[in-house]
Amino acid sequence: MTTIDTLRFATAGSVDDGKSTLVGRLLHDSKSVLTDQLEAVERASASRGQGAPDLALLTDGLRAEREQGITIDVAYRYFATPRRRFILADTPGHVQYTRNMVTGASTAELAIILVDARNGVVEQTRRHAAVAALLRVPRVVLAVNKMDLVGYEEQEFDRIVEDFAGDAAELGLPGFTPIPVSALVGDNVVERSAHMDWYGGPALLEFLENVPVGVEPTDAPARFPVQYVIRDGELRHYAGQLVSGALRIGDRVTVHPSGETSTITGIDVLGDPAEVAYAPQSVSMTLADQLDVSRGDMITVGVDVPALTREVRAAVCHLADRPLKVGDRVLVRHTTRTVKALVADLAGATELTVNDLGRITLRTAEPLALDDYAVSRRTGAFILIDPADGATLTAGMAEVTAEGVNSRG
């Protein structure tokens with residue numbers, strides 16, 4: 001029996017680029033819309049005097065979104081084809097909702113950045129590309145929409161692709177896949193277009209169905225943040241989710257930040273004994289030695305260990321309405337570990353306000369076992385929390401260098 005995998009992807013586009021219509025067309029033409037949903041859209045469209053159903057109404061679910069004609073919050077859509085399941089994070093395009101895009105794209109394996117063929121690459125397009133690069137989204141699709149309004153001209157498409165390629169190179173964005181579409185008409189969304197015989201690539205859904213889904217390689221360094229310690233008499237089981245790599249009975253492990261070592265003597269996966277566990281399984285393990293292991297510790301295998309440091313440098317997006325200032329005391333939550341920290345530097349800025357992208361240096365009260373975010377989006381990510389009320393302040397992507405590896409203590 002063939003296992004159907006899942007692709008998580010996010011969408012982003014500037015105002016009036018047609019992103020909601022594109023998502024609506026994707027759902028409608030892939031037959032992923034329930035009959036009652038479609039009937040509700042048809043009634044709403046008819047009440048506005050529109051002959052054809054406005055497919056954007058399938059995605060703009062909040063009343064404020066419908067009234068203003070914009071996307072405000074992240075909306076998650078779940079749909080499937082015979083080839084693959086999809087989790088779509090429909091994210092806002094406005095600059096004031098950058099934090100929402102960061103939230104939606106943080107777990108995405110692919111981002112669709114939409115542009116209007118009439119306007120080409122605009123400032124918000126560059127911002128969306130910058131967020132995708134910052135979050136290390138593995139794959140990017142440049143969907144050039146409204147090709148019907150530029151006469152389906154190949155030259156217009158090529159010009160936009162060339163402009164975006166320059167920005168992508170400057171931002172350090174990996175290669176992208178350009179696709180010319182018309183969401184309103186349906187060209188190259190689910191079915192290939194008859195209007196653009198000069199384009200030899202796939203339709204959008206065809207690409208989404210066939211793009212490789214990133215699976216954590218089994219030979220990646222093992223990272224096991226301890227979530228619970230379960231005591232069974234004299235025996236201790238350490239439980240959590242293996243976020244990368246593999247664990248095997250007999251492996252020699254190191255516990256961070258203490259640096260103590262031991263050997264794995266038992267592994268349970270879903271309550272059943274196992275010889276080996278692979279990411280992203282949730283497991284419990286036992287060790288040969290009675291070590292002082294608690295929630296927030298990181299267990300690793302072999303010599304490829306994370307950087308253990310009290311000085312954290314990172315790229316960040318500030319999410320909260322209250323600004324983040326140099327000298328602020330915060331909590332850093334990294335995997336299952338939470339430590340106190342001080343904001344030491346904001347790359348020369350005195351504060352970050354909501355939706356700002358920037359760089360930060362933190363000094364933590366206790367060491368954190370960090371990987372570079374470019375290497376691991378799970379063990380390189382963290383959030384800053386307000387110690388007064390527990391509110392989330394900032395999302396961070398660690399930048400671990402050789403200097404960071406040596407900053408142990």
# chains A, B, ... in the order shown; residues from 1 in each chain; ligands from 1
>>> residues_around(residues="segment 219-231 of chain A", least_positions_apart="3", cutoff="7 Å", atoms="only C-alpha atoms", output="ChimeraX atom specification")
/A:235-247,294-301,304,335-336
>>> select_by_dssp(residues="segment 54-295 of chain A", states="helix (DSSP H, G or I)", output="PyMOL selection string")
chain A and resi 55-58+63-68+95-105+123-134+147-150+154-171+204-210
>>> residues_around(residues="Gln290 of chain A", least_positions_apart="3", cutoff="10 Å", atoms="only C-alpha atoms", output="list in words")
Glu234, Leu235, Arg236, Ser262, Thr286, Leu287 and Val293 of chain A
>>> closest_residue(among="A:Pro387, A:Gly175, A:Gly327, A:Pro280", to="Arg363 of chain A", atoms="only C-alpha atoms")
A:Gly327
>>> residues_around(residues="segment 138-147 of chain A", least_positions_apart="3", cutoff="9 Å", atoms="only C-alpha atoms", output="PyMOL selection string")
chain A and resi 17-19+22+108-118+120+129+132-133+135+150-153+156-157+160-161+164+173-185+187+204+211+214
>>> atom_distance(atom1="atom CA of Arg337 of chain A", atom2="atom CA of Pro273 of chain A")
27.0 Å
>>> residues_around(residues="Asp292 of chain A", least_positions_apart="4", cutoff="10 Å", atoms="only C-alpha atoms", output="number ranges by chain")
A: 255, 258, 260, 297
>>> write_last_selection(atoms="all heavy atoms", output="PDB file, in the first residue's frame")
ATOM      1  N   VAL A 255      24.132  14.434  27.390  1.00  0.00           N
ATOM      2  CA  VAL A 255      23.042  15.270  27.881  1.00  0.00           C
ATOM      3  C   VAL A 255      23.545  16.703  28.003  1.00  0.00           C
ATOM      4  O   VAL A 255      24.578  16.950  28.623  1.00  0.00           O
ATOM      5  CB  VAL A 255      22.520  14.770  29.244  1.00  0.00           C
ATOM      6  CG1 VAL A 255      21.379  15.660  29.740  1.00  0.00           C
ATOM      7  CG2 VAL A 255      22.069  13.320  29.157  1.00  0.00           C
ATOM      8  N   SER A 258      24.551  19.679  30.847  1.00  0.00           N
ATOM      9  CA  SER A 258      25.468  19.143  31.861  1.00  0.00           C
ATOM     10  C   SER A 258      26.716  18.520  31.258  1.00  0.00           C
ATOM     11  O   SER A 258      27.780  18.524  31.879  1.00  0.00           O
ATOM     12  CB  SER A 258      24.745  18.104  32.715  1.00  0.00           C
ATOM     13  OG  SER A 258      24.454  16.932  31.962  1.00  0.00           O
ATOM     14  N   GLU A 260      27.028  15.327  30.727  1.00  0.00           N
ATOM     15  CA  GLU A 260      27.131  13.948  31.189  1.00  0.00           C
ATOM     16  C   GLU A 260      26.816  12.990  30.042  1.00  0.00           C
ATOM     17  O   GLU A 260      26.038  13.307  29.133  1.00  0.00           O
ATOM     18  CB  GLU A 260      26.156  13.703  32.341  1.00  0.00           C
ATOM     19  CG  GLU A 260      26.503  14.473  33.612  1.00  0.00           C
ATOM     20  CD  GLU A 260      25.542  14.148  34.733  1.00  0.00           C
ATOM     21  OE1 GLU A 260      24.342  14.438  34.591  1.00  0.00           O
ATOM     22  OE2 GLU A 260      25.998  13.588  35.757  1.00  0.00           O
ATOM     23  N   ASP A 297      16.374  19.613  28.954  1.00  0.00           N
ATOM     24  CA  ASP A 297      17.689  19.119  28.545  1.00  0.00           C
ATOM     25  C   ASP A 297      17.622  18.566  27.124  1.00  0.00           C
ATOM     26  O   ASP A 297      16.562  18.125  26.650  1.00  0.00           O
ATOM     27  CB  ASP A 297      18.175  18.028  29.498  1.00  0.00           C
ATOM     28  CG  ASP A 297      18.578  18.577  30.857  1.00  0.00           C
ATOM     29  OD1 ASP A 297      18.682  19.810  30.987  1.00  0.00           O
ATOM     30  OD2 ASP A 297      18.775  17.775  31.786  1.00  0.00           O
TER      31      ASP A 297
END
>>> select_by_dssp(residues="segment 266-329 of chain A", states="strand (DSSP E)", output="PyMOL selection string")
chain A and resi 266-269+272-274+276-278+282-287+298-301+307-318+324-325+329
>>> closest_residue(among="A:Thr125, A:Thr261, A:Thr6, A:Ser193", to="Tyr78 of chain A", atoms="only C-alpha atoms")
A:Thr6
>>> residues_around(residues="Ala381 of chain A", least_positions_apart="2", cutoff="7 Å", atoms="only C-alpha atoms", output="mmCIF file with all heavy atoms, in the first residue's frame")
data_model
loop_
_atom_site.group_PDB
_atom_site.id
_atom_site.type_symbol
_atom_site.label_atom_id
_atom_site.label_comp_id
_atom_site.auth_asym_id
_atom_site.auth_seq_id
_atom_site.Cartn_x
_atom_site.Cartn_y
_atom_site.Cartn_z
ATOM 1 N N HIS A 334 13.245 27.644 23.918
ATOM 2 C CA HIS A 334 13.905 26.922 22.838
ATOM 3 C C HIS A 334 13.622 25.435 23.027
ATOM 4 O O HIS A 334 13.980 24.867 24.061
ATOM 5 C CB HIS A 334 15.418 27.198 22.882
ATOM 6 C CG HIS A 334 16.213 26.339 21.953
ATOM 7 N ND1 HIS A 334 17.024 25.306 22.406
ATOM 8 C CD2 HIS A 334 16.322 26.343 20.612
ATOM 9 C CE1 HIS A 334 17.595 24.719 21.382
ATOM 10 N NE2 HIS A 334 17.206 25.324 20.282
ATOM 11 N N TYR A 373 19.938 27.948 12.507
ATOM 12 C CA TYR A 373 18.608 27.789 11.912
ATOM 13 C C TYR A 373 18.693 27.313 10.465
ATOM 14 O O TYR A 373 17.815 26.597 9.986
ATOM 15 C CB TYR A 373 17.845 29.109 11.984
ATOM 16 C CG TYR A 373 16.415 29.030 11.519
ATOM 17 C CD1 TYR A 373 15.412 28.572 12.359
ATOM 18 C CD2 TYR A 373 16.058 29.422 10.234
ATOM 19 C CE1 TYR A 373 14.090 28.504 11.939
ATOM 20 C CE2 TYR A 373 14.745 29.364 9.808
ATOM 21 C CZ TYR A 373 13.765 28.898 10.664
ATOM 22 O OH TYR A 373 12.464 28.832 10.226
ATOM 23 N N ARG A 377 15.590 23.904 11.296
ATOM 24 C CA ARG A 377 14.534 24.853 11.609
ATOM 25 C C ARG A 377 13.873 24.533 12.951
ATOM 26 O O ARG A 377 13.148 25.363 13.478
ATOM 27 C CB ARG A 377 13.482 24.865 10.494
ATOM 28 C CG ARG A 377 14.017 25.333 9.156
ATOM 29 C CD ARG A 377 12.989 25.146 8.056
ATOM 30 N NE ARG A 377 11.991 26.189 8.048
ATOM 31 C CZ ARG A 377 10.861 26.127 7.353
ATOM 32 N NH1 ARG A 377 10.586 25.037 6.649
ATOM 33 N NH2 ARG A 377 9.998 27.116 7.384
ATOM 34 N N ARG A 378 14.097 23.339 13.483
ATOM 35 C CA ARG A 378 13.498 22.969 14.761
ATOM 36 C C ARG A 378 14.382 23.383 15.930
ATOM 37 O O ARG A 378 13.921 24.035 16.865
ATOM 38 C CB ARG A 378 13.259 21.447 14.812
ATOM 39 C CG ARG A 378 12.172 20.952 13.860
ATOM 40 C CD ARG A 378 10.798 21.448 14.287
ATOM 41 N NE ARG A 378 10.449 21.030 15.648
ATOM 42 C CZ ARG A 378 9.906 19.862 15.952
ATOM 43 N NH1 ARG A 378 9.638 18.975 15.010
ATOM 44 N NH2 ARG A 378 9.620 19.575 17.205
ATOM 45 N N THR A 379 15.660 23.018 15.885
ATOM 46 C CA THR A 379 16.540 23.311 17.016
ATOM 47 C C THR A 379 17.296 24.625 16.844
ATOM 48 O O THR A 379 18.113 24.994 17.693
ATOM 49 C CB THR A 379 17.537 22.159 17.240
ATOM 50 O OG1 THR A 379 18.207 21.884 15.999
ATOM 51 C CG2 THR A 379 16.808 20.913 17.706
ATOM 52 N N GLY A 396 12.607 34.044 16.780
ATOM 53 C CA GLY A 396 14.027 34.144 16.480
ATOM 54 C C GLY A 396 14.563 32.950 15.722
ATOM 55 O O GLY A 396 14.093 31.827 15.892
ATOM 56 N N MET A 397 15.550 33.198 14.868
ATOM 57 C CA MET A 397 16.228 32.181 14.073
ATOM 58 C C MET A 397 17.727 32.297 14.357
ATOM 59 O O MET A 397 18.371 33.245 13.927
ATOM 60 C CB MET A 397 15.954 32.379 12.575
ATOM 61 C CG MET A 397 14.542 32.000 12.134
ATOM 62 S SD MET A 397 13.191 33.019 12.781
ATOM 63 C CE MET A 397 13.458 34.568 11.927
ATOM 64 N N ALA A 398 18.265 31.339 15.103
ATOM 65 C CA ALA A 398 19.635 31.440 15.605
ATOM 66 C C ALA A 398 20.658 31.414 14.476
ATOM 67 O O ALA A 398 20.519 30.673 13.501
ATOM 68 C CB ALA A 398 19.913 30.303 16.585
#
>>> atom_distance(atom1="atom CA of Ala314 of chain A", atom2="atom CA of Arg136 of chain A")
13.3 Å
>>> atom_distance(atom1="atom CA of Glu123 of chain A", atom2="atom CA of Ala169 of chain A")
15.8 Å
